[in-house]
Amino acid sequence: MTDRLTMQDPRAQYPQPPFPRQPQPVPGLAADMDPKPDHGETSYKGSGKLTGRKALVTGGDSGIGRAAAIAFAREGADVAIAYLPSEGSDAREVIALIEAEGRTAVALEGDVTDEAWCRELVAKAVSGLGGLDVLVINAGHQQSRPSIDAVTSADFDATMKTNLYAMHWIVQAAVPHLPAGASVVTTASIQAYEPSETLLDYATTKAGIVAYTKALAKQLLKNGIRANVVAPGPFWTALQSSGGQTPDKVVKFGEESAYGRPGQPVEIAPVYVLLASQEGSFINGEVYGVTGGAGIA
Ligand code: NAD
Ligand code: MG
């Protein structure tokens, strides 16, 4: 394959649908995806933008979070990743990649719908890394439902807890540890602006993440801490093949994009790096869309 950074037509840079049918149970594994997503394992090259930083990435085992974790380590950061117990095999690959950069890696296995675990995972990240100055809220739950009748209270609860409550619990526990210059990056979605009819609860949480982060940014800047949102469009991750879309839609995933393909996780990692790093010093309370041209307004 052509090197990722060689000038080329971006539409043809990565695999296009149709993809093989590949339903997985929630939360899904990156290792079981076909084709394998590019999280930057061999393709992301760092240049010292985060030397010595201490970063926590929730959902850092796979997908967008894995791409951010790999990029952070390549940029010189020590990285803690949080993930579900069933994702240990994906997580071990990320831990090995962080350690291969000579950086400290911290594995935090647990369920973020549990408030006590959210507070504990922050404490463990702080002790394992020796502090905290980059916090990426990225863990997310998305299940496609054909109509409002099919969204059970248990569904609604799981989506709210994972995407909104856990964000609040983790940020609240982390703030006392963040020094001036630290950065919080949350992960919303194009769904905050263009909600799909099948993602009632999910789209609601993503709009909530945008509002929460903009409010948070105003508070935190008083302590010299920035907070921003990344709003992805369609990315090739296990979130989609484990019920985020129907199995039929996964076969065609990205087809409706002007690119004719989904994004690969490594294609969004540079935005997390920018927002986390001091290069993003004047960027606060913003929403960065990475949608393959769909826009977020
Ligand atoms: P992913 O499945 O690879 O990552 C999501 C991660 O969330 C999982 O790996 C898991 O570790 C974590 N998670 C979910 N429930 C959890 C729980 N109860 N406890 C602990 N961890 C839990 O998929 P992804 O697409 O990389 O998702 C990352 C973020 O990007 C999510 O917030 C998602 O909503 C957002 N996003 C994704 C897309 C896309 O097309 N893939 C588009 C817009 C936004
Ligand atoms: Mg995962």
# chains A, B, ... in the order shown; residues from 1 in each chain; ligands from 1

$ residues_around --residues "Val106 in chain A" --least-positions-apart "5" --cutoff "7 Å" --atoms "only C-alpha atoms" --output "PyMOL selection string"
chain A and resi 79-81+125+128

$ residues_near_ligand --ligand "ligand 1" --cutoff "8 Å" --atoms "only C-alpha atoms and all ligand atoms" --output "mmCIF file with all heavy atoms, in the first residue's frame"
data_model
loop_
_atom_site.group_PDB
_atom_site.id
_atom_site.type_symbol
_atom_site.label_atom_id
_atom_site.label_comp_id
_atom_site.auth_asym_id
_atom_site.auth_seq_id
_atom_site.Cartn_x
_atom_site.Cartn_y
_atom_site.Cartn_z
ATOM 1 N N PRO A 27 -19.354 -5.564 22.785
ATOM 2 C CA PRO A 27 -18.989 -4.340 22.087
ATOM 3 C C PRO A 27 -18.198 -4.590 20.799
ATOM 4 O O PRO A 27 -17.803 -3.614 20.159
ATOM 5 C CB PRO A 27 -18.109 -3.619 23.123
ATOM 6 C CG PRO A 27 -17.408 -4.746 23.824
ATOM 7 C CD PRO A 27 -18.376 -5.888 23.853
ATOM 8 N N GLY A 28 -17.939 -5.844 20.442
ATOM 9 C CA GLY A 28 -17.191 -6.129 19.217
ATOM 10 C C GLY A 28 -15.697 -5.995 19.404
ATOM 11 O O GLY A 28 -15.219 -5.352 20.347
ATOM 12 N N LEU A 29 -14.963 -6.657 18.525
ATOM 13 C CA LEU A 29 -13.499 -6.601 18.571
ATOM 14 C C LEU A 29 -12.963 -6.104 17.236
ATOM 15 O O LEU A 29 -13.414 -6.549 16.169
ATOM 16 C CB LEU A 29 -12.915 -7.999 18.840
ATOM 17 C CG LEU A 29 -13.146 -8.583 20.232
ATOM 18 C CD1 LEU A 29 -12.597 -10.008 20.300
ATOM 19 C CD2 LEU A 29 -12.494 -7.706 21.311
ATOM 20 N N ALA A 30 -11.981 -5.217 17.302
ATOM 21 C CA ALA A 30 -11.325 -4.751 16.077
ATOM 22 C C ALA A 30 -10.668 -5.937 15.366
ATOM 23 O O ALA A 30 -10.650 -6.004 14.132
ATOM 24 C CB ALA A 30 -10.284 -3.683 16.414
ATOM 25 N N THR A 58 -10.469 6.777 27.064
ATOM 26 C CA THR A 58 -11.487 5.748 27.306
ATOM 27 C C THR A 58 -11.854 5.108 25.965
ATOM 28 O O THR A 58 -11.860 5.777 24.930
ATOM 29 C CB THR A 58 -12.736 6.327 28.009
ATOM 30 O OG1 THR A 58 -13.431 7.195 27.119
ATOM 31 C CG2 THR A 58 -12.366 7.072 29.287
ATOM 32 N N GLY A 59 -12.121 3.809 26.001
ATOM 33 C CA GLY A 59 -12.349 3.091 24.745
ATOM 34 C C GLY A 59 -11.085 3.051 23.893
ATOM 35 O O GLY A 59 -11.156 3.036 22.664
ATOM 36 N N GLY A 60 -9.933 2.989 24.548
ATOM 37 C CA GLY A 60 -8.656 3.034 23.827
ATOM 38 C C GLY A 60 -8.212 1.709 23.255
ATOM 39 O O GLY A 60 -7.121 1.602 22.677
ATOM 40 N N ASP A 61 -9.024 0.687 23.400
ATOM 41 C CA ASP A 61 -8.677 -0.655 22.906
ATOM 42 C C ASP A 61 -8.861 -0.795 21.403
ATOM 43 O O ASP A 61 -8.188 -1.601 20.763
ATOM 44 C CB ASP A 61 -9.572 -1.693 23.596
ATOM 45 C CG ASP A 61 -11.034 -1.385 23.337
ATOM 46 O OD1 ASP A 61 -11.497 -0.290 23.734
ATOM 47 O OD2 ASP A 61 -11.709 -2.200 22.692
ATOM 48 N N SER A 62 -9.807 -0.052 20.831
ATOM 49 C CA SER A 62 -10.188 -0.271 19.435
ATOM 50 C C SER A 62 -10.655 1.032 18.804
ATOM 51 O O SER A 62 -10.889 2.020 19.509
ATOM 52 C CB SER A 62 -11.318 -1.311 19.350
ATOM 53 O OG SER A 62 -12.458 -0.855 20.069
ATOM 54 N N GLY A 63 -10.765 1.025 17.500
ATOM 55 C CA GLY A 63 -11.391 2.121 16.777
ATOM 56 C C GLY A 63 -10.674 3.456 16.957
ATOM 57 O O GLY A 63 -9.442 3.538 17.005
ATOM 58 N N ILE A 64 -11.474 4.496 17.078
ATOM 59 C CA ILE A 64 -10.960 5.866 17.147
ATOM 60 C C ILE A 64 -10.075 6.049 18.383
ATOM 61 O O ILE A 64 -9.013 6.672 18.320
ATOM 62 C CB ILE A 64 -12.161 6.844 17.136
ATOM 63 C CG1 ILE A 64 -12.839 6.804 15.749
ATOM 64 C CG2 ILE A 64 -11.730 8.251 17.520
ATOM 65 C CD1 ILE A 64 -14.206 7.487 15.691
ATOM 66 N N GLY A 65 -10.475 5.465 19.519
ATOM 67 C CA GLY A 65 -9.684 5.576 20.738
ATOM 68 C C GLY A 65 -8.334 4.891 20.607
ATOM 69 O O GLY A 65 -7.324 5.391 21.096
ATOM 70 N N ARG A 66 -8.315 3.730 19.934
ATOM 71 C CA ARG A 66 -7.031 3.047 19.718
ATOM 72 C C ARG A 66 -6.130 3.911 18.844
ATOM 73 O O ARG A 66 -4.928 4.042 19.114
ATOM 74 C CB ARG A 66 -7.240 1.689 19.036
ATOM 75 C CG ARG A 66 -5.910 0.967 18.821
ATOM 76 C CD ARG A 66 -5.960 -0.177 17.814
ATOM 77 N NE ARG A 66 -6.546 -1.391 18.331
ATOM 78 C CZ ARG A 66 -6.080 -2.630 18.101
ATOM 79 N NH1 ARG A 66 -4.998 -2.811 17.353
ATOM 80 N NH2 ARG A 66 -6.695 -3.670 18.585
ATOM 81 N N ALA A 82 -8.810 2.721 28.855
ATOM 82 C CA ALA A 82 -9.911 2.082 29.586
ATOM 83 C C ALA A 82 -10.786 1.345 28.579
ATOM 84 O O ALA A 82 -11.007 1.838 27.466
ATOM 85 C CB ALA A 82 -10.730 3.135 30.324
ATOM 86 N N TYR A 83 -11.297 0.168 28.976
ATOM 87 C CA TYR A 83 -12.060 -0.680 28.049
ATOM 88 C C TYR A 83 -12.828 -1.716 28.856
ATOM 89 O O TYR A 83 -12.604 -1.886 30.059
ATOM 90 C CB TYR A 83 -11.117 -1.364 27.047
ATOM 91 C CG TYR A 83 -9.996 -2.114 27.722
ATOM 92 C CD1 TYR A 83 -10.126 -3.458 28.071
ATOM 93 C CD2 TYR A 83 -8.827 -1.453 28.115
ATOM 94 C CE1 TYR A 83 -9.120 -4.123 28.761
ATOM 95 C CE2 TYR A 83 -7.820 -2.108 28.799
ATOM 96 C CZ TYR A 83 -7.972 -3.443 29.115
ATOM 97 O OH TYR A 83 -6.987 -4.101 29.812
ATOM 98 N N LEU A 84 -13.716 -2.441 28.195
ATOM 99 C CA LEU A 84 -14.518 -3.474 28.857
ATOM 100 C C LEU A 84 -13.725 -4.778 28.997
ATOM 101 O O LEU A 84 -12.863 -5.078 28.150
ATOM 102 C CB LEU A 84 -15.779 -3.752 28.035
ATOM 103 C CG LEU A 84 -16.907 -2.717 28.171
ATOM 104 C CD1 LEU A 84 -17.901 -2.854 27.019
ATOM 105 C CD2 LEU A 84 -17.608 -2.863 29.519
ATOM 106 N N GLU A 87 -12.893 -6.982 26.074
ATOM 107 C CA GLU A 87 -12.029 -6.422 25.027
ATOM 108 C C GLU A 87 -10.541 -6.567 25.346
ATOM 109 O O GLU A 87 -9.703 -5.911 24.720
ATOM 110 C CB GLU A 87 -12.356 -4.939 24.828
ATOM 111 C CG GLU A 87 -13.791 -4.721 24.385
ATOM 112 C CD GLU A 87 -14.179 -3.266 24.308
ATOM 113 O OE1 GLU A 87 -14.060 -2.566 25.343
ATOM 114 O OE2 GLU A 87 -14.610 -2.835 23.228
ATOM 115 N N GLU A 109 -9.396 -2.005 33.039
ATOM 116 C CA GLU A 109 -10.476 -2.860 32.557
ATOM 117 C C GLU A 109 -11.694 -2.734 33.456
ATOM 118 O O GLU A 109 -11.598 -3.025 34.652
ATOM 119 C CB GLU A 109 -9.947 -4.306 32.557
ATOM 120 C CG GLU A 109 -10.728 -5.238 31.702
ATOM 121 C CD GLU A 109 -9.960 -6.543 31.492
ATOM 122 O OE1 GLU A 109 -8.959 -6.540 30.749
ATOM 123 O OE2 GLU A 109 -10.361 -7.553 32.089
ATOM 124 N N GLY A 110 -12.839 -2.305 32.921
ATOM 125 C CA GLY A 110 -14.052 -2.174 33.727
ATOM 126 C C GLY A 110 -15.158 -1.528 32.918
ATOM 127 O O GLY A 110 -14.952 -1.115 31.773
ATOM 128 N N ASP A 111 -16.321 -1.422 33.556
ATOM 129 C CA ASP A 111 -17.521 -0.935 32.868
ATOM 130 C C ASP A 111 -17.820 0.499 33.305
ATOM 131 O O ASP A 111 -18.099 0.748 34.487
ATOM 132 C CB ASP A 111 -18.696 -1.864 33.233
ATOM 133 C CG ASP A 111 -19.943 -1.568 32.442
ATOM 134 O OD1 ASP A 111 -20.142 -0.399 32.029
ATOM 135 O OD2 ASP A 111 -20.742 -2.497 32.241
ATOM 136 N N VAL A 112 -17.782 1.428 32.371
ATOM 137 C CA VAL A 112 -17.949 2.844 32.735
ATOM 138 C C VAL A 112 -19.404 3.233 33.033
ATOM 139 O O VAL A 112 -19.653 4.377 33.409
ATOM 140 C CB VAL A 112 -17.369 3.818 31.674
ATOM 141 C CG1 VAL A 112 -15.866 3.630 31.515
ATOM 142 C CG2 VAL A 112 -18.099 3.718 30.344
ATOM 143 N N THR A 113 -20.344 2.295 32.916
ATOM 144 C CA THR A 113 -21.704 2.617 33.371
ATOM 145 C C THR A 113 -21.791 2.541 34.900
ATOM 146 O O THR A 113 -22.826 2.848 35.479
ATOM 147 C CB THR A 113 -22.768 1.685 32.738
ATOM 148 O OG1 THR A 113 -22.528 0.346 33.162
ATOM 149 C CG2 THR A 113 -22.732 1.747 31.224
ATOM 150 N N ASP A 114 -20.693 2.159 35.537
ATOM 151 C CA ASP A 114 -20.596 2.070 36.993
ATOM 152 C C ASP A 114 -19.836 3.303 37.514
ATOM 153 O O ASP A 114 -18.647 3.476 37.216
ATOM 154 C CB ASP A 114 -19.849 0.758 37.335
ATOM 155 C CG ASP A 114 -19.570 0.608 38.816
ATOM 156 O OD1 ASP A 114 -19.996 1.469 39.618
ATOM 157 O OD2 ASP A 114 -18.898 -0.386 39.167
ATOM 158 N N ILE A 137 -12.319 11.517 26.261
ATOM 159 C CA ILE A 137 -13.571 10.804 26.516
ATOM 160 C C ILE A 137 -14.051 10.276 25.169
ATOM 161 O O ILE A 137 -14.457 11.052 24.286
ATOM 162 C CB ILE A 137 -14.620 11.765 27.137
ATOM 163 C CG1 ILE A 137 -14.123 12.345 28.455
ATOM 164 C CG2 ILE A 137 -15.969 11.046 27.285
ATOM 165 C CD1 ILE A 137 -14.027 11.385 29.608
ATOM 166 N N ASN A 138 -13.983 8.965 25.006
ATOM 167 C CA ASN A 138 -14.248 8.370 23.694
ATOM 168 C C ASN A 138 -15.106 7.111 23.764
ATOM 169 O O ASN A 138 -15.726 6.749 22.763
ATOM 170 C CB ASN A 138 -12.886 8.075 23.035
ATOM 171 C CG ASN A 138 -12.996 7.158 21.850
ATOM 172 O OD1 ASN A 138 -13.367 7.580 20.770
ATOM 173 N ND2 ASN A 138 -12.694 5.871 22.059
ATOM 174 N N ALA A 139 -15.170 6.452 24.928
ATOM 175 C CA ALA A 139 -16.000 5.241 25.027
ATOM 176 C C ALA A 139 -17.424 5.598 24.627
ATOM 177 O O ALA A 139 -17.924 6.668 24.975
ATOM 178 C CB ALA A 139 -15.978 4.695 26.450
ATOM 179 N N GLY A 140 -18.062 4.707 23.883
ATOM 180 C CA GLY A 140 -19.416 5.014 23.432
ATOM 181 C C GLY A 140 -20.227 3.758 23.179
ATOM 182 O O GLY A 140 -19.668 2.696 22.899
ATOM 183 N N HIS A 141 -21.543 3.921 23.299
ATOM 184 C CA HIS A 141 -22.483 2.816 23.079
ATOM 185 C C HIS A 141 -23.477 3.263 22.012
ATOM 186 O O HIS A 141 -24.066 4.344 22.134
ATOM 187 C CB HIS A 141 -23.199 2.498 24.397
ATOM 188 C CG HIS A 141 -24.177 1.375 24.319
ATOM 189 N ND1 HIS A 141 -23.797 0.046 24.286
ATOM 190 C CD2 HIS A 141 -25.534 1.371 24.259
ATOM 191 C CE1 HIS A 141 -24.875 -0.725 24.222
ATOM 192 N NE2 HIS A 141 -25.947 0.060 24.204
ATOM 193 N N GLN A 142 -23.647 2.445 20.985
ATOM 194 C CA GLN A 142 -24.559 2.772 19.880
ATOM 195 C C GLN A 142 -25.238 1.505 19.402
ATOM 196 O O GLN A 142 -24.566 0.561 18.986
ATOM 197 C CB GLN A 142 -23.777 3.408 18.719
ATOM 198 C CG GLN A 142 -24.622 3.644 17.468
ATOM 199 C CD GLN A 142 -23.795 4.149 16.287
ATOM 200 O OE1 GLN A 142 -22.781 4.824 16.456
ATOM 201 N NE2 GLN A 142 -24.217 3.820 15.079
ATOM 202 N N ALA A 158 -28.562 2.372 28.997
ATOM 203 C CA ALA A 158 -27.181 1.998 28.644
ATOM 204 C C ALA A 158 -26.524 3.087 27.802
ATOM 205 O O ALA A 158 -25.344 3.419 27.990
ATOM 206 C CB ALA A 158 -27.174 0.670 27.882
ATOM 207 N N LYS A 161 -25.964 6.217 30.104
ATOM 208 C CA LYS A 161 -24.918 5.957 31.108
ATOM 209 C C LYS A 161 -23.534 5.953 30.456
ATOM 210 O O LYS A 161 -22.595 6.566 30.957
ATOM 211 C CB LYS A 161 -25.172 4.613 31.794
ATOM 212 C CG LYS A 161 -26.292 4.638 32.816
ATOM 213 C CD LYS A 161 -25.769 4.948 34.214
ATOM 214 C CE LYS A 161 -26.863 5.360 35.192
ATOM 215 N NZ LYS A 161 -27.913 4.370 35.363
ATOM 216 N N THR A 162 -23.399 5.246 29.339
ATOM 217 C CA THR A 162 -22.075 5.117 28.712
ATOM 218 C C THR A 162 -21.614 6.440 28.107
ATOM 219 O O THR A 162 -20.449 6.822 28.240
ATOM 220 C CB THR A 162 -22.112 4.056 27.594
ATOM 221 O OG1 THR A 162 -22.778 2.888 28.074
ATOM 222 C CG2 THR A 162 -20.709 3.696 27.129
ATOM 223 N N ASN A 163 -22.526 7.125 27.423
ATOM 224 C CA ASN A 163 -22.104 8.280 26.625
ATOM 225 C C ASN A 163 -22.149 9.590 27.407
ATOM 226 O O ASN A 163 -21.363 10.498 27.108
ATOM 227 C CB ASN A 163 -22.989 8.403 25.375
ATOM 228 C CG ASN A 163 -22.901 7.165 24.480
ATOM 229 O OD1 ASN A 163 -22.216 6.205 24.805
ATOM 230 N ND2 ASN A 163 -23.617 7.196 23.369
ATOM 231 N N THR A 187 -15.720 13.033 22.466
ATOM 232 C CA THR A 187 -16.032 12.488 21.144
ATOM 233 C C THR A 187 -17.539 12.491 20.956
ATOM 234 O O THR A 187 -18.257 11.716 21.597
ATOM 235 C CB THR A 187 -15.467 11.054 21.020
ATOM 236 O OG1 THR A 187 -14.076 11.086 21.369
ATOM 237 C CG2 THR A 187 -15.631 10.535 19.606
ATOM 238 N N ALA A 188 -18.010 13.388 20.102
ATOM 239 C CA ALA A 188 -19.441 13.432 19.780
ATOM 240 C C ALA A 188 -19.642 12.667 18.475
ATOM 241 O O ALA A 188 -19.133 11.548 18.303
ATOM 242 C CB ALA A 188 -19.920 14.873 19.683
ATOM 243 N N SER A 189 -20.357 13.255 17.526
ATOM 244 C CA SER A 189 -20.647 12.576 16.254
ATOM 245 C C SER A 189 -21.368 13.554 15.346
ATOM 246 O O SER A 189 -22.000 14.513 15.825
ATOM 247 C CB SER A 189 -21.561 11.376 16.509
ATOM 248 O OG SER A 189 -22.042 10.843 15.290
ATOM 249 N N ILE A 190 -21.335 13.288 14.070
ATOM 250 C CA ILE A 190 -22.204 14.008 13.138
ATOM 251 C C ILE A 190 -23.661 13.812 13.544
ATOM 252 O O ILE A 190 -24.525 14.634 13.233
ATOM 253 C CB ILE A 190 -21.937 13.541 11.696
ATOM 254 C CG1 ILE A 190 -22.621 14.475 10.696
ATOM 255 C CG2 ILE A 190 -22.356 12.087 11.494
ATOM 256 C CD1 ILE A 190 -22.253 14.233 9.257
ATOM 257 N N GLN A 191 -23.930 12.747 14.311
ATOM 258 C CA GLN A 191 -25.299 12.468 14.783
ATOM 259 C C GLN A 191 -25.845 13.581 15.684
ATOM 260 O O GLN A 191 -27.051 13.707 15.857
ATOM 261 C CB GLN A 191 -25.341 11.136 15.537
ATOM 262 C CG GLN A 191 -25.180 9.917 14.641
ATOM 263 C CD GLN A 191 -26.378 9.712 13.734
ATOM 264 O OE1 GLN A 191 -27.510 9.980 14.117
ATOM 265 N NE2 GLN A 191 -26.131 9.242 12.523
ATOM 266 N N TYR A 202 -28.896 7.475 20.918
ATOM 267 C CA TYR A 202 -27.475 7.768 20.660
ATOM 268 C C TYR A 202 -27.287 9.216 20.208
ATOM 269 O O TYR A 202 -26.433 9.940 20.731
ATOM 270 C CB TYR A 202 -26.958 6.797 19.600
ATOM 271 C CG TYR A 202 -25.538 7.031 19.154
ATOM 272 C CD1 TYR A 202 -24.453 6.538 19.883
ATOM 273 C CD2 TYR A 202 -25.257 7.749 17.987
ATOM 274 C CE1 TYR A 202 -23.145 6.745 19.462
ATOM 275 C CE2 TYR A 202 -23.956 7.962 17.557
ATOM 276 C CZ TYR A 202 -22.899 7.458 18.297
ATOM 277 O OH TYR A 202 -21.606 7.671 17.872
ATOM 278 N N LYS A 206 -25.105 12.423 21.824
ATOM 279 C CA LYS A 206 -24.008 13.091 21.116
ATOM 280 C C LYS A 206 -24.218 14.606 21.093
ATOM 281 O O LYS A 206 -23.264 15.379 21.193
ATOM 282 C CB LYS A 206 -23.856 12.488 19.720
ATOM 283 C CG LYS A 206 -23.369 11.031 19.758
ATOM 284 C CD LYS A 206 -21.956 10.945 20.334
ATOM 285 C CE LYS A 206 -21.537 9.564 20.749
ATOM 286 N NZ LYS A 206 -20.140 9.481 21.192
ATOM 287 N N ALA A 231 -16.086 15.516 16.290
ATOM 288 C CA ALA A 231 -17.357 14.977 15.794
ATOM 289 C C ALA A 231 -17.097 14.150 14.537
ATOM 290 O O ALA A 231 -17.036 14.688 13.431
ATOM 291 C CB ALA A 231 -18.332 16.114 15.506
ATOM 292 N N PRO A 232 -16.934 12.829 14.711
ATOM 293 C CA PRO A 232 -16.647 11.992 13.539
ATOM 294 C C PRO A 232 -17.887 11.747 12.684
ATOM 295 O O PRO A 232 -19.019 11.722 13.177
ATOM 296 C CB PRO A 232 -16.185 10.657 14.152
ATOM 297 C CG PRO A 232 -15.962 10.917 15.618
ATOM 298 C CD PRO A 232 -16.853 12.071 15.974
ATOM 299 N N GLY A 233 -17.646 11.539 11.399
ATOM 300 C CA GLY A 233 -18.641 10.960 10.494
ATOM 301 C C GLY A 233 -18.469 9.451 10.513
ATOM 302 O O GLY A 233 -18.087 8.895 11.546
ATOM 303 N N PRO A 234 -18.701 8.761 9.410
ATOM 304 C CA PRO A 234 -18.613 7.298 9.413
ATOM 305 C C PRO A 234 -17.177 6.784 9.471
ATOM 306 O O PRO A 234 -16.373 7.096 8.601
ATOM 307 C CB PRO A 234 -19.262 6.897 8.079
ATOM 308 C CG PRO A 234 -19.074 8.083 7.199
ATOM 309 C CD PRO A 234 -19.131 9.290 8.103
ATOM 310 N N PHE A 235 -16.856 6.008 10.514
ATOM 311 C CA PHE A 235 -15.527 5.396 10.652
ATOM 312 C C PHE A 235 -15.663 3.891 10.782
ATOM 313 O O PHE A 235 -16.619 3.388 11.401
ATOM 314 C CB PHE A 235 -14.771 5.992 11.854
ATOM 315 C CG PHE A 235 -14.093 7.275 11.499
ATOM 316 C CD1 PHE A 235 -14.801 8.467 11.464
ATOM 317 C CD2 PHE A 235 -12.753 7.288 11.121
ATOM 318 C CE1 PHE A 235 -14.193 9.654 11.074
ATOM 319 C CE2 PHE A 235 -12.129 8.468 10.731
ATOM 320 C CZ PHE A 235 -12.851 9.655 10.704
ATOM 321 N N TRP A 236 -14.708 3.197 10.203
ATOM 322 C CA TRP A 236 -14.727 1.735 10.143
ATOM 323 C C TRP A 236 -14.264 1.166 11.478
ATOM 324 O O TRP A 236 -13.061 1.007 11.707
ATOM 325 C CB TRP A 236 -13.838 1.265 8.985
ATOM 326 C CG TRP A 236 -13.866 -0.203 8.726
ATOM 327 C CD1 TRP A 236 -12.800 -1.065 8.804
ATOM 328 C CD2 TRP A 236 -14.993 -0.994 8.309
ATOM 329 N NE1 TRP A 236 -13.199 -2.324 8.481
ATOM 330 C CE2 TRP A 236 -14.533 -2.318 8.169
ATOM 331 C CE3 TRP A 236 -16.333 -0.707 8.063
ATOM 332 C CZ2 TRP A 236 -15.388 -3.360 7.793
ATOM 333 C CZ3 TRP A 236 -17.166 -1.739 7.685
ATOM 334 C CH2 TRP A 236 -16.702 -3.041 7.558
ATOM 335 N N THR A 237 -15.231 0.897 12.376
ATOM 336 C CA THR A 237 -14.905 0.401 13.718
ATOM 337 C C THR A 237 -15.918 -0.658 14.164
ATOM 338 O O THR A 237 -17.020 -0.762 13.607
ATOM 339 C CB THR A 237 -14.928 1.536 14.768
ATOM 340 O OG1 THR A 237 -16.291 1.916 14.996
ATOM 341 C CG2 THR A 237 -14.126 2.747 14.343
ATOM 342 N N ALA A 238 -15.552 -1.358 15.240
ATOM 343 C CA ALA A 238 -16.411 -2.423 15.785
ATOM 344 C C ALA A 238 -17.720 -1.895 16.350
ATOM 345 O O ALA A 238 -18.683 -2.646 16.497
ATOM 346 C CB ALA A 238 -15.638 -3.189 16.858
ATOM 347 N N LEU A 239 -17.767 -0.594 16.661
ATOM 348 C CA LEU A 239 -19.023 0.002 17.136
ATOM 349 C C LEU A 239 -20.130 -0.234 16.108
ATOM 350 O O LEU A 239 -21.287 -0.491 16.465
ATOM 351 C CB LEU A 239 -18.819 1.513 17.323
ATOM 352 C CG LEU A 239 -19.975 2.299 17.926
ATOM 353 C CD1 LEU A 239 -19.910 2.204 19.452
ATOM 354 C CD2 LEU A 239 -19.920 3.763 17.517
ATOM 355 N N GLN A 240 -19.787 -0.146 14.846
ATOM 356 C CA GLN A 240 -20.773 -0.271 13.776
ATOM 357 C C GLN A 240 -21.146 -1.739 13.553
ATOM 358 O O GLN A 240 -22.320 -2.075 13.468
ATOM 359 C CB GLN A 240 -20.234 0.359 12.478
ATOM 360 C CG GLN A 240 -19.806 1.818 12.645
ATOM 361 C CD GLN A 240 -20.935 2.753 13.053
ATOM 362 O OE1 GLN A 240 -22.092 2.361 13.162
ATOM 363 N NE2 GLN A 240 -20.608 4.017 13.299
ATOM 364 N N SER A 242 -20.993 -4.177 15.612
ATOM 365 C CA SER A 242 -21.605 -4.821 16.782
ATOM 366 C C SER A 242 -22.993 -4.234 17.077
ATOM 367 O O SER A 242 -23.419 -4.219 18.228
ATOM 368 C CB SER A 242 -20.686 -4.684 17.995
ATOM 369 O OG SER A 242 -20.524 -3.332 18.363
ATOM 370 N N PRO A 262 -15.891 4.575 4.206
ATOM 371 C CA PRO A 262 -15.790 5.126 5.564
ATOM 372 C C PRO A 262 -14.379 5.632 5.842
ATOM 373 O O PRO A 262 -13.427 5.248 5.144
ATOM 374 C CB PRO A 262 -16.095 3.904 6.447
ATOM 375 C CG PRO A 262 -15.649 2.725 5.641
ATOM 376 C CD PRO A 262 -15.835 3.100 4.185
ATOM 377 N N GLY A 263 -14.256 6.465 6.854
ATOM 378 C CA GLY A 263 -12.937 6.852 7.319
ATOM 379 C C GLY A 263 -12.284 5.713 8.073
ATOM 380 O O GLY A 263 -12.967 4.838 8.626
ATOM 381 N N PRO A 265 -9.758 4.792 11.332
ATOM 382 C CA PRO A 265 -9.452 5.489 12.590
ATOM 383 C C PRO A 265 -8.195 6.364 12.546
ATOM 384 O O PRO A 265 -8.190 7.462 13.119
ATOM 385 C CB PRO A 265 -9.323 4.337 13.588
ATOM 386 C CG PRO A 265 -10.289 3.297 13.061
ATOM 387 C CD PRO A 265 -10.193 3.387 11.556
#

$ closest_residue --among "A:Gly292, A:Pro247, A:Pro25, A:Gly76" --to "ligand 2" --atoms "only C-alpha atoms and all ligand atoms"
A:Pro25

$ select_by_dssp --residues "range 13-134 of chain A" --states "strand (DSSP E or B)" --output "short mmCIF file (atom, residue, chain, number, x, y, z; two decimals) with N, CA and C atoms, in the first residue's frame"
data_model
loop_
_atom_site.label_atom_id
_atom_site.label_comp_id
_atom_site.auth_asym_id
_atom_site.auth_seq_id
_atom_site.Cartn_x
_atom_site.Cartn_y
_atom_site.Cartn_z
N LYS A 54 0.85 12.83 29.86
CA LYS A 54 0.22 11.68 30.50
C LYS A 54 -1.25 11.69 30.11
N ALA A 55 -1.63 10.71 29.30
CA ALA A 55 -2.95 10.74 28.66
C ALA A 55 -3.79 9.54 29.06
N LEU A 56 -5.09 9.80 29.28
CA LEU A 56 -6.07 8.74 29.50
C LEU A 56 -7.06 8.76 28.34
N VAL A 57 -7.24 7.60 27.71
CA VAL A 57 -8.17 7.47 26.58
C VAL A 57 -9.20 6.40 26.92
N THR A 58 -10.47 6.78 27.06
CA THR A 58 -11.49 5.75 27.31
C THR A 58 -11.85 5.11 25.97
N ASP A 78 2.86 9.03 27.66
CA ASP A 78 2.48 7.82 28.37
C ASP A 78 0.96 7.75 28.31
N VAL A 79 0.42 6.52 28.14
CA VAL A 79 -1.01 6.43 27.83
C VAL A 79 -1.70 5.34 28.66
N ALA A 80 -2.81 5.71 29.28
CA ALA A 80 -3.70 4.74 29.94
C ALA A 80 -4.91 4.54 29.05
N ILE A 81 -5.32 3.28 28.88
CA ILE A 81 -6.53 3.02 28.09
C ILE A 81 -7.55 2.29 28.97
N ALA A 82 -8.81 2.72 28.86
CA ALA A 82 -9.91 2.08 29.59
C ALA A 82 -10.79 1.34 28.58
N TYR A 83 -11.30 0.17 28.98
CA TYR A 83 -12.06 -0.68 28.05
C TYR A 83 -12.83 -1.72 28.86
N ALA A 105 2.43 2.27 29.65
CA ALA A 105 1.04 1.97 29.28
C ALA A 105 0.31 1.46 30.52
N VAL A 106 -0.91 1.92 30.71
CA VAL A 106 -1.73 1.48 31.84
C VAL A 106 -3.04 0.92 31.30
N ALA A 107 -3.37 -0.31 31.70
CA ALA A 107 -4.60 -0.97 31.24
C ALA A 107 -5.66 -0.87 32.32
N LEU A 108 -6.83 -0.34 31.97
CA LEU A 108 -7.91 -0.12 32.94
C LEU A 108 -9.16 -0.83 32.45
N GLU A 109 -9.40 -2.00 33.04
CA GLU A 109 -10.48 -2.86 32.56
C GLU A 109 -11.69 -2.73 33.46
N VAL A 134 -3.84 14.90 29.70
CA VAL A 134 -4.70 14.78 28.51
C VAL A 134 -5.79 13.77 28.84
#
